[in-house]
>>> print(open('structure_15.pdb').read())   # PDB, C-alpha atoms
ATOM      1  CA  MET A   1      11.580 -73.638-109.010
ATOM      2  CA  SER A   2       8.610 -71.269-109.178
ATOM      3  CA  GLU A   3       8.731 -67.590-108.230
ATOM      4  CA  ALA A   4       6.547 -68.397-105.229
ATOM      5  CA  SER A   5       9.037 -71.035-104.062
ATOM      6  CA  ALA A   6      11.885 -68.516-104.405
ATOM      7  CA  ARG A   7       9.971 -66.183-102.089
ATOM      8  CA  ASP A   8       9.590 -69.042 -99.626
ATOM      9  CA  LEU A   9      13.361 -69.554 -99.781
ATOM     10  CA  MET A  10      13.888 -65.933 -98.731
ATOM     11  CA  ALA A  11      11.619 -66.423 -95.731
ATOM     12  CA  GLN A  12      13.425 -69.642 -94.778
ATOM     13  CA  ARG A  13      16.909 -68.202 -95.304
ATOM     14  CA  PHE A  14      16.611 -65.582 -92.581
ATOM     15  CA  ARG A  15      14.014 -67.137 -90.287
ATOM     16  CA  SER A  16      11.133 -65.122 -91.806
ATOM     17  CA  TYR A  17      13.066 -61.852 -91.613
ATOM     18  CA  LEU A  18      13.598 -59.819 -94.789
ATOM     19  CA  PRO A  19      17.037 -58.158 -94.889
ATOM     20  CA  VAL A  20      16.795 -54.509 -95.952
ATOM     21  CA  VAL A  21      19.977 -52.487 -96.363
ATOM     22  CA  VAL A  22      19.889 -49.031 -94.764
ATOM     23  CA  ASP A  23      22.304 -46.107 -94.604
ATOM     24  CA  LEU A  24      21.843 -42.718 -92.972
ATOM     25  CA  GLU A  25      23.957 -39.581 -93.256
ATOM     26  CA  THR A  26      23.687 -37.535 -90.085
ATOM     27  CA  GLY A  27      24.710 -34.298 -88.428
ATOM     28  CA  GLY A  28      26.806 -36.046 -85.790
ATOM     29  CA  PHE A  29      27.032 -39.138 -83.615
ATOM     30  CA  ASN A  30      24.256 -38.461 -81.085
ATOM     31  CA  ALA A  31      21.100 -40.230 -82.271
ATOM     32  CA  GLN A  32      18.896 -38.278 -79.860
ATOM     33  CA  ALA A  33      20.180 -34.782 -80.630
ATOM     34  CA  ASP A  34      21.776 -34.826 -84.089
ATOM     35  CA  ALA A  35      19.831 -34.568 -87.343
ATOM     36  CA  ILE A  36      19.335 -37.234 -89.977
ATOM     37  CA  LEU A  37      20.211 -35.552 -93.274
ATOM     38  CA  GLU A  38      19.815 -38.410 -95.763
ATOM     39  CA  ILE A  39      18.299 -41.881 -95.657
ATOM     40  CA  ALA A  40      18.387 -44.697 -98.196
ATOM     41  CA  ALA A  41      17.188 -48.280 -98.225
ATOM     42  CA  VAL A  42      17.689 -51.165-100.661
ATOM     43  CA  THR A  43      15.281 -54.103-100.603
ATOM     44  CA  LEU A  44      16.604 -57.530-101.578
ATOM     45  CA  SER A  45      15.196 -60.472-103.508
ATOM     46  CA  MET A  46      16.196 -64.092-104.061
ATOM     47  CA  ASP A  47      16.414 -65.935-107.361
ATOM     48  CA  PRO A  48      15.318 -69.578-107.840
ATOM     49  CA  GLU A  49      18.903 -70.753-107.202
ATOM     50  CA  GLY A  50      18.879 -69.153-103.763
ATOM     51  CA  ASN A  51      21.130 -66.223-104.698
ATOM     52  CA  LEU A  52      20.476 -62.951-102.892
ATOM     53  CA  LEU A  53      20.144 -59.897-105.167
ATOM     54  CA  PRO A  54      19.637 -56.136-104.701
ATOM     55  CA  ASP A  55      16.123 -55.183-105.740
ATOM     56  CA  ALA A  56      14.908 -51.568-105.391
ATOM     57  CA  THR A  57      16.507 -48.410-103.978
ATOM     58  CA  TYR A  58      14.666 -45.687-102.059
ATOM     59  CA  ALA A  59      16.605 -42.542-101.099
ATOM     60  CA  PHE A  60      15.601 -39.179 -99.637
ATOM     61  CA  HIS A  61      17.080 -35.924 -98.364
ATOM     62  CA  ILE A  62      15.748 -34.957 -94.939
ATOM     63  CA  GLU A  63      15.211 -31.569 -93.314
ATOM     64  CA  PRO A  64      16.664 -31.526 -89.789
ATOM     65  CA  PHE A  65      13.996 -31.885 -87.122
ATOM     66  CA  GLU A  66      13.212 -28.822 -85.027
ATOM     67  CA  GLY A  67      16.008 -28.143 -82.568
ATOM     68  CA  ALA A  68      18.327 -30.706 -84.142
ATOM     69  CA  ASN A  69      22.079 -30.288 -83.893
ATOM     70  CA  VAL A  70      24.238 -30.405 -87.032
ATOM     71  CA  GLU A  71      27.992 -30.450 -86.569
ATOM     72  CA  GLN A  72      30.026 -28.604 -89.201
ATOM     73  CA  SER A  73      32.528 -31.462 -89.129
ATOM     74  CA  ALA A  74      29.733 -33.837 -90.226
ATOM     75  CA  LEU A  75      28.841 -31.577 -93.160
ATOM     76  CA  ASP A  76      32.507 -31.358 -94.135
ATOM     77  CA  PHE A  77      32.782 -35.157 -94.010
ATOM     78  CA  THR A  78      29.648 -35.905 -96.065
ATOM     79  CA  GLY A  79      29.783 -32.891 -98.372
ATOM     80  CA  ILE A  80      26.096 -32.173 -97.703
ATOM     81  CA  LYS A  81      25.121 -28.530 -98.224
ATOM     82  CA  LEU A  82      22.015 -27.800 -96.165
ATOM     83  CA  ASN A  83      21.230 -24.562 -98.010
ATOM     84  CA  ASP A  84      21.586 -25.993-101.506
ATOM     85  CA  PRO A  85      18.437 -24.875-103.409
ATOM     86  CA  LEU A  86      17.921 -28.278-105.042
ATOM     87  CA  ARG A  87      18.226 -30.048-101.696
ATOM     88  CA  LYS A  88      15.751 -27.639-100.111
ATOM     89  CA  LYS A  89      13.314 -28.290-102.952
ATOM     90  CA  VAL A  90      13.276 -32.077-102.548
ATOM     91  CA  ALA A  91      14.037 -32.611 -98.843
ATOM     92  CA  LEU A  92      11.296 -34.235 -96.771
ATOM     93  CA  SER A  93      10.493 -33.978 -93.109
ATOM     94  CA  GLU A  94      11.769 -36.831 -90.982
ATOM     95  CA  SER A  95       8.238 -38.230 -90.643
ATOM     96  CA  GLU A  96       7.596 -38.051 -94.402
ATOM     97  CA  ALA A  97      10.912 -39.747 -95.198
ATOM     98  CA  LEU A  98      10.221 -42.596 -92.785
ATOM     99  CA  GLY A  99       6.841 -43.112 -94.436
ATOM    100  CA  GLU A 100       8.399 -43.201 -97.899
ATOM    101  CA  ILE A 101      10.921 -45.808 -96.735
ATOM    102  CA  PHE A 102       8.603 -47.941 -94.626
ATOM    103  CA  ARG A 103       5.790 -48.322 -97.182
ATOM    104  CA  PRO A 104       7.812 -50.239 -99.798
ATOM    105  CA  VAL A 105       9.593 -52.175 -97.058
ATOM    106  CA  ARG A 106       6.237 -53.420 -95.744
ATOM    107  CA  LYS A 107       5.222 -54.414 -99.280
ATOM    108  CA  ALA A 108       8.490 -56.295 -99.766
ATOM    109  CA  ILE A 109       8.010 -58.135 -96.468
ATOM    110  CA  LYS A 110       4.607 -59.319 -97.622
ATOM    111  CA  ALA A 111       5.797 -60.178-101.145
ATOM    112  CA  ASN A 112       8.555 -62.392 -99.759
ATOM    113  CA  ASN A 113       6.322 -64.186 -97.239
ATOM    114  CA  CYS A 114       8.315 -62.682 -94.380
ATOM    115  CA  THR A 115       7.064 -61.323 -91.063
ATOM    116  CA  ARG A 116       9.440 -58.417 -90.427
ATOM    117  CA  ALA A 117      12.425 -56.575 -91.866
ATOM    118  CA  ILE A 118      15.892 -56.806 -90.361
ATOM    119  CA  LEU A 119      18.302 -53.920 -90.884
ATOM    120  CA  VAL A 120      21.536 -54.517 -92.766
ATOM    121  CA  GLY A 121      24.133 -51.788 -92.428
ATOM    122  CA  HIS A 122      27.839 -51.075 -92.477
ATOM    123  CA  ASN A 123      28.459 -50.430 -88.786
ATOM    124  CA  ALA A 124      24.780 -51.228 -88.396
ATOM    125  CA  ALA A 125      24.455 -50.141 -84.758
ATOM    126  CA  PHE A 126      24.996 -46.519 -85.812
ATOM    127  CA  ASP A 127      22.218 -46.523 -88.435
ATOM    128  CA  HIS A 128      19.915 -48.612 -86.258
ATOM    129  CA  GLY A 129      20.273 -46.196 -83.346
ATOM    130  CA  PHE A 130      19.416 -43.168 -85.487
ATOM    131  CA  LEU A 131      16.519 -44.973 -87.166
ATOM    132  CA  ASN A 132      15.007 -45.995 -83.824
ATOM    133  CA  ALA A 133      15.415 -42.466 -82.461
ATOM    134  CA  ALA A 134      13.587 -41.052 -85.493
ATOM    135  CA  VAL A 135      10.824 -43.642 -85.135
ATOM    136  CA  ASN A 136      10.330 -42.571 -81.526
ATOM    137  CA  ARG A 137      10.415 -38.836 -82.358
ATOM    138  CA  CYS A 138       7.823 -39.271 -85.098
ATOM    139  CA  GLY A 139       5.567 -41.572 -83.107
ATOM    140  CA  VAL A 140       5.627 -44.316 -85.744
ATOM    141  CA  LYS A 141       3.283 -47.085 -84.634
ATOM    142  CA  ARG A 142       4.240 -49.784 -87.139
ATOM    143  CA  ASN A 143       8.002 -49.885 -87.519
ATOM    144  CA  PRO A 144       8.643 -52.745 -89.989
ATOM    145  CA  PHE A 145      12.199 -53.279 -88.708
ATOM    146  CA  HIS A 146      13.199 -55.487 -85.800
ATOM    147  CA  PRO A 147      13.916 -53.072 -82.935
ATOM    148  CA  PHE A 148      17.409 -54.336 -82.067
ATOM    149  CA  SER A 149      18.594 -57.224 -84.281
ATOM    150  CA  SER A 150      20.637 -56.389 -87.377
ATOM    151  CA  PHE A 151      23.279 -57.680 -89.794
ATOM    152  CA  ASP A 152      26.539 -55.698 -89.760
ATOM    153  CA  THR A 153      28.549 -55.872 -92.975
ATOM    154  CA  ALA A 154      31.626 -54.411 -91.250
ATOM    155  CA  THR A 155      31.740 -57.494 -89.029
ATOM    156  CA  LEU A 156      30.823 -59.906 -91.820
ATOM    157  CA  SER A 157      33.352 -58.483 -94.281
ATOM    158  CA  GLY A 158      36.029 -58.560 -91.586
ATOM    159  CA  LEU A 159      35.341 -62.285 -91.235
ATOM    160  CA  VAL A 160      35.136 -63.051 -94.963
ATOM    161  CA  TYR A 161      37.577 -60.580 -96.564
ATOM    162  CA  GLY A 162      39.740 -59.341 -93.686
ATOM    163  CA  GLN A 163      38.505 -55.797 -94.331
ATOM    164  CA  THR A 164      36.134 -53.625 -92.278
ATOM    165  CA  VAL A 165      36.201 -50.317 -94.187
ATOM    166  CA  LEU A 166      33.376 -50.278 -96.744
ATOM    167  CA  ALA A 167      35.504 -49.223 -99.718
ATOM    168  CA  ARG A 168      38.204 -51.815 -99.007
ATOM    169  CA  ALA A 169      35.676 -54.578 -98.312
ATOM    170  CA  CYS A 170      33.903 -53.872-101.603
ATOM    171  CA  ARG A 171      37.136 -53.997-103.551
ATOM    172  CA  ALA A 172      38.110 -57.250-101.829
ATOM    173  CA  ALA A 173      34.732 -58.649-102.946
ATOM    174  CA  GLY A 174      35.289 -57.496-106.538
ATOM    175  CA  ILE A 175      32.771 -54.638-106.261
ATOM    176  CA  GLU A 176      33.733 -51.297-107.787
ATOM    177  CA  PHE A 177      33.823 -48.430-105.297
ATOM    178  CA  ASP A 178      34.142 -44.738-106.209
ATOM    179  CA  ASN A 179      35.536 -42.788-103.251
ATOM    180  CA  SER A 180      34.268 -39.516-104.719
ATOM    181  CA  SER A 181      30.683 -40.831-104.514
ATOM    182  CA  ALA A 182      31.003 -42.169-100.971
ATOM    183  CA  HIS A 183      29.112 -40.704 -97.989
ATOM    184  CA  SER A 184      25.972 -40.302-100.052
ATOM    185  CA  ALA A 185      23.272 -42.425 -98.438
ATOM    186  CA  ARG A 186      22.130 -43.768-101.822
ATOM    187  CA  TYR A 187      25.625 -44.722-102.987
ATOM    188  CA  ASP A 188      26.753 -46.268 -99.721
ATOM    189  CA  THR A 189      23.523 -48.252 -99.365
ATOM    190  CA  GLU A 190      23.753 -49.681-102.866
ATOM    191  CA  ARG A 191      27.392 -50.728-102.355
ATOM    192  CA  THR A 192      26.563 -52.203 -98.942
ATOM    193  CA  ALA A 193      23.711 -54.174-100.524
ATOM    194  CA  GLU A 194      26.075 -55.607-103.145
ATOM    195  CA  LEU A 195      28.571 -56.474-100.409
ATOM    196  CA  PHE A 196      25.992 -58.222 -98.221
ATOM    197  CA  CYS A 197      24.696 -60.224-101.192
ATOM    198  CA  ALA A 198      28.245 -61.211-102.148
ATOM    199  CA  ILE A 199      28.933 -62.471 -98.625
ATOM    200  CA  VAL A 200      25.674 -64.426 -98.327
ATOM    201  CA  ASN A 201      26.038 -65.936-101.800
ATOM    202  CA  ARG A 202      29.662 -66.887-101.239
ATOM    203  CA  PHE A 203      28.700 -68.704 -98.052
ATOM    204  CA  LYS A 204      25.982 -70.572 -99.986
ATOM    205  CA  ASP A 205      28.392 -71.500-102.780
ATOM    206  CA  LEU A 206      30.794 -72.936-100.209
ATOM    207  CA  GLY A 207      28.030 -75.197 -98.949
ATOM    208  CA  GLY A 208      27.137 -73.224 -95.840
ATOM    209  CA  TRP A 209      23.484 -72.915 -96.757
ATOM    210  CA  ASN A 210      22.234 -76.146 -98.324
ATOM    211  CA  LEU A 211      19.756 -75.221-101.068
ATOM    212  CA  ALA A 212      18.912 -78.847-101.853
ATOM    213  CA  GLN A 213      17.718 -79.447 -98.297
ATOM    214  CA  ARG A 214      15.621 -76.295 -98.396
ATOM    215  CA  GLU A 215      14.028 -77.336-101.700
ATOM    216  CA  GLN A 216      13.218 -80.755-100.252
ATOM    217  CA  GLY A 217      11.603 -79.087 -97.251
ATOM    218  CA  LEU A 218       9.472 -76.872 -99.512
ATOM    219  CA  GLU A 219       8.319 -79.882-101.517
ATOM    220  CA  GLU A 220       7.383 -81.759 -98.345
ATOM    221  CA  ASP A 221       5.400 -78.747 -97.122
TER     222      ASP A 221
END
>>> encode(input="structure_15.pdb", output="structure tokens")
Amino acid sequence: MSEASARDLMAQRFRSYLPVVVDLETGGFNAQADAILEIAAVTLSMDPEGNLLPDATYAFHIEPFEGANVEQSALDFTGIKLNDPLRKKVALSESEALGEIFRPVRKAIKANNCTRAILVGHNAAFDHGFLNAAVNRCGVKRNPFHPFSSFDTATLSGLVYGQTVLARACRAAGIEFDNSSAHSARYDTERTAELFCAIVNRFKDLGGWNLAQREQGLEED
């Protein structure tokens, strides 16, 4: 199968949506009032055999928006130090960070013959709510993500592996997980991407997504 046909498979697999894995570290649980402190996204690709694979990672520190709330308990949980000199040097505004994430996502959508991205997250509703709130605050006109649909790996891994905690689900899937690296947006996103790919590929290997039929459909087209 050609590279172009593999891209067509991606578009067919998720009804023209491109799954993009997202994780945010925040200053609390209130998407309207609490700051986003880190954001990361992993784009996905598909090989000629129809296997889903992590592609590229994009990760950024974010300066809290003006007037944002940051709970000390959230900082204690994530280990983020807002006044760290290195963090201050590289942190972007919320608007800049969204731009840096959305640009490669739009390119990946086009490259895979898809029409829109769909967010994949572990407890996806949390990340989706914060992302949408940031999009609204920053007045983003072209959000590449579907505004409310998502894939939740907590739900999917509960179904497939009987585990809903990210670390335990990864280990059940045979994916190494370092607890000391957890609660970094980059690390959690990359592990969630591996977990989502493992679930999708396992379903395909069990016959749940018939590659032969898809290939026949592409040839007929």
>>> resolve_selection(input="structure_15.pdb", expression="the PyMOL selection byres ((chain A and resi 29-40) around 7)", output="PDB file with C-alpha atoms, keeping the file's coordinate frame")
ATOM      1  CA  VAL A  22      19.889 -49.031 -94.764  1.00  0.00           C
ATOM      2  CA  ASP A  23      22.304 -46.107 -94.604  1.00  0.00           C
ATOM      3  CA  LEU A  24      21.843 -42.718 -92.972  1.00  0.00           C
ATOM      4  CA  GLU A  25      23.957 -39.581 -93.256  1.00  0.00           C
ATOM      5  CA  THR A  26      23.687 -37.535 -90.085  1.00  0.00           C
ATOM      6  CA  GLY A  27      24.710 -34.298 -88.428  1.00  0.00           C
ATOM      7  CA  GLY A  28      26.806 -36.046 -85.790  1.00  0.00           C
ATOM      8  CA  ALA A  41      17.188 -48.280 -98.225  1.00  0.00           C
ATOM      9  CA  VAL A  42      17.689 -51.165-100.661  1.00  0.00           C
ATOM     10  CA  TYR A  58      14.666 -45.687-102.059  1.00  0.00           C
ATOM     11  CA  ALA A  59      16.605 -42.542-101.099  1.00  0.00           C
ATOM     12  CA  PHE A  60      15.601 -39.179 -99.637  1.00  0.00           C
ATOM     13  CA  HIS A  61      17.080 -35.924 -98.364  1.00  0.00           C
ATOM     14  CA  ILE A  62      15.748 -34.957 -94.939  1.00  0.00           C
ATOM     15  CA  GLU A  63      15.211 -31.569 -93.314  1.00  0.00           C
ATOM     16  CA  PRO A  64      16.664 -31.526 -89.789  1.00  0.00           C
ATOM     17  CA  PHE A  65      13.996 -31.885 -87.122  1.00  0.00           C
ATOM     18  CA  ALA A  68      18.327 -30.706 -84.142  1.00  0.00           C
ATOM     19  CA  ASN A  69      22.079 -30.288 -83.893  1.00  0.00           C
ATOM     20  CA  VAL A  70      24.238 -30.405 -87.032  1.00  0.00           C
ATOM     21  CA  GLY A 129      20.273 -46.196 -83.346  1.00  0.00           C
ATOM     22  CA  PHE A 130      19.416 -43.168 -85.487  1.00  0.00           C
ATOM     23  CA  ALA A 133      15.415 -42.466 -82.461  1.00  0.00           C
ATOM     24  CA  ALA A 185      23.272 -42.425 -98.438  1.00  0.00           C
ATOM     25  CA  ARG A 186      22.130 -43.768-101.822  1.00  0.00           C
ATOM     26  CA  THR A 189      23.523 -48.252 -99.365  1.00  0.00           C
TER      27      THR A 189
END
>>> atom_distance(input="structure_15.pdb", atom1="atom CA of A:Ser95", atom2="atom CA of A:His128")
16.2 Å
>>> closest_residue(input="structure_15.pdb", among="A:Ala91, A:Leu195, A:Val200, A:Ala182", to="A:Phe77", atoms="all atoms listed in the file")
A:Ala182
>>> resolve_selection(input="structure_15.pdb", expression="the PyMOL selection byres ((chain A and resi 173-181) around 8)", output="list in words")
Tyr161, Ala167, Ala169, Cys170, Arg171, Ala172, Ala182, His183, Ser184, Tyr187, Arg191, Glu194, Leu195 and Ala198 of chain A
>>> write_last_selection(input="structure_15.pdb", atoms="C-alpha atoms", output="short mmCIF file (atom, residue, chain, number, x, y, z; two decimals), keeping the file's coordinate frame")
data_model
loop_
_atom_site.label_atom_id
_atom_site.label_comp_id
_atom_site.auth_asym_id
_atom_site.auth_seq_id
_atom_site.Cartn_x
_atom_site.Cartn_y
_atom_site.Cartn_z
CA TYR A 161 37.58 -60.58 -96.56
CA ALA A 167 35.50 -49.22 -99.72
CA ALA A 169 35.68 -54.58 -98.31
CA CYS A 170 33.90 -53.87 -101.60
CA ARG A 171 37.14 -54.00 -103.55
CA ALA A 172 38.11 -57.25 -101.83
CA ALA A 182 31.00 -42.17 -100.97
CA HIS A 183 29.11 -40.70 -97.99
CA SER A 184 25.97 -40.30 -100.05
CA TYR A 187 25.62 -44.72 -102.99
CA ARG A 191 27.39 -50.73 -102.36
CA GLU A 194 26.08 -55.61 -103.14
CA LEU A 195 28.57 -56.47 -100.41
CA ALA A 198 28.24 -61.21 -102.15
#
>>> atom_distance(input="structure_15.pdb", atom1="atom CA of A:Gly79", atom2="atom CA of A:Pro19")
28.5 Å
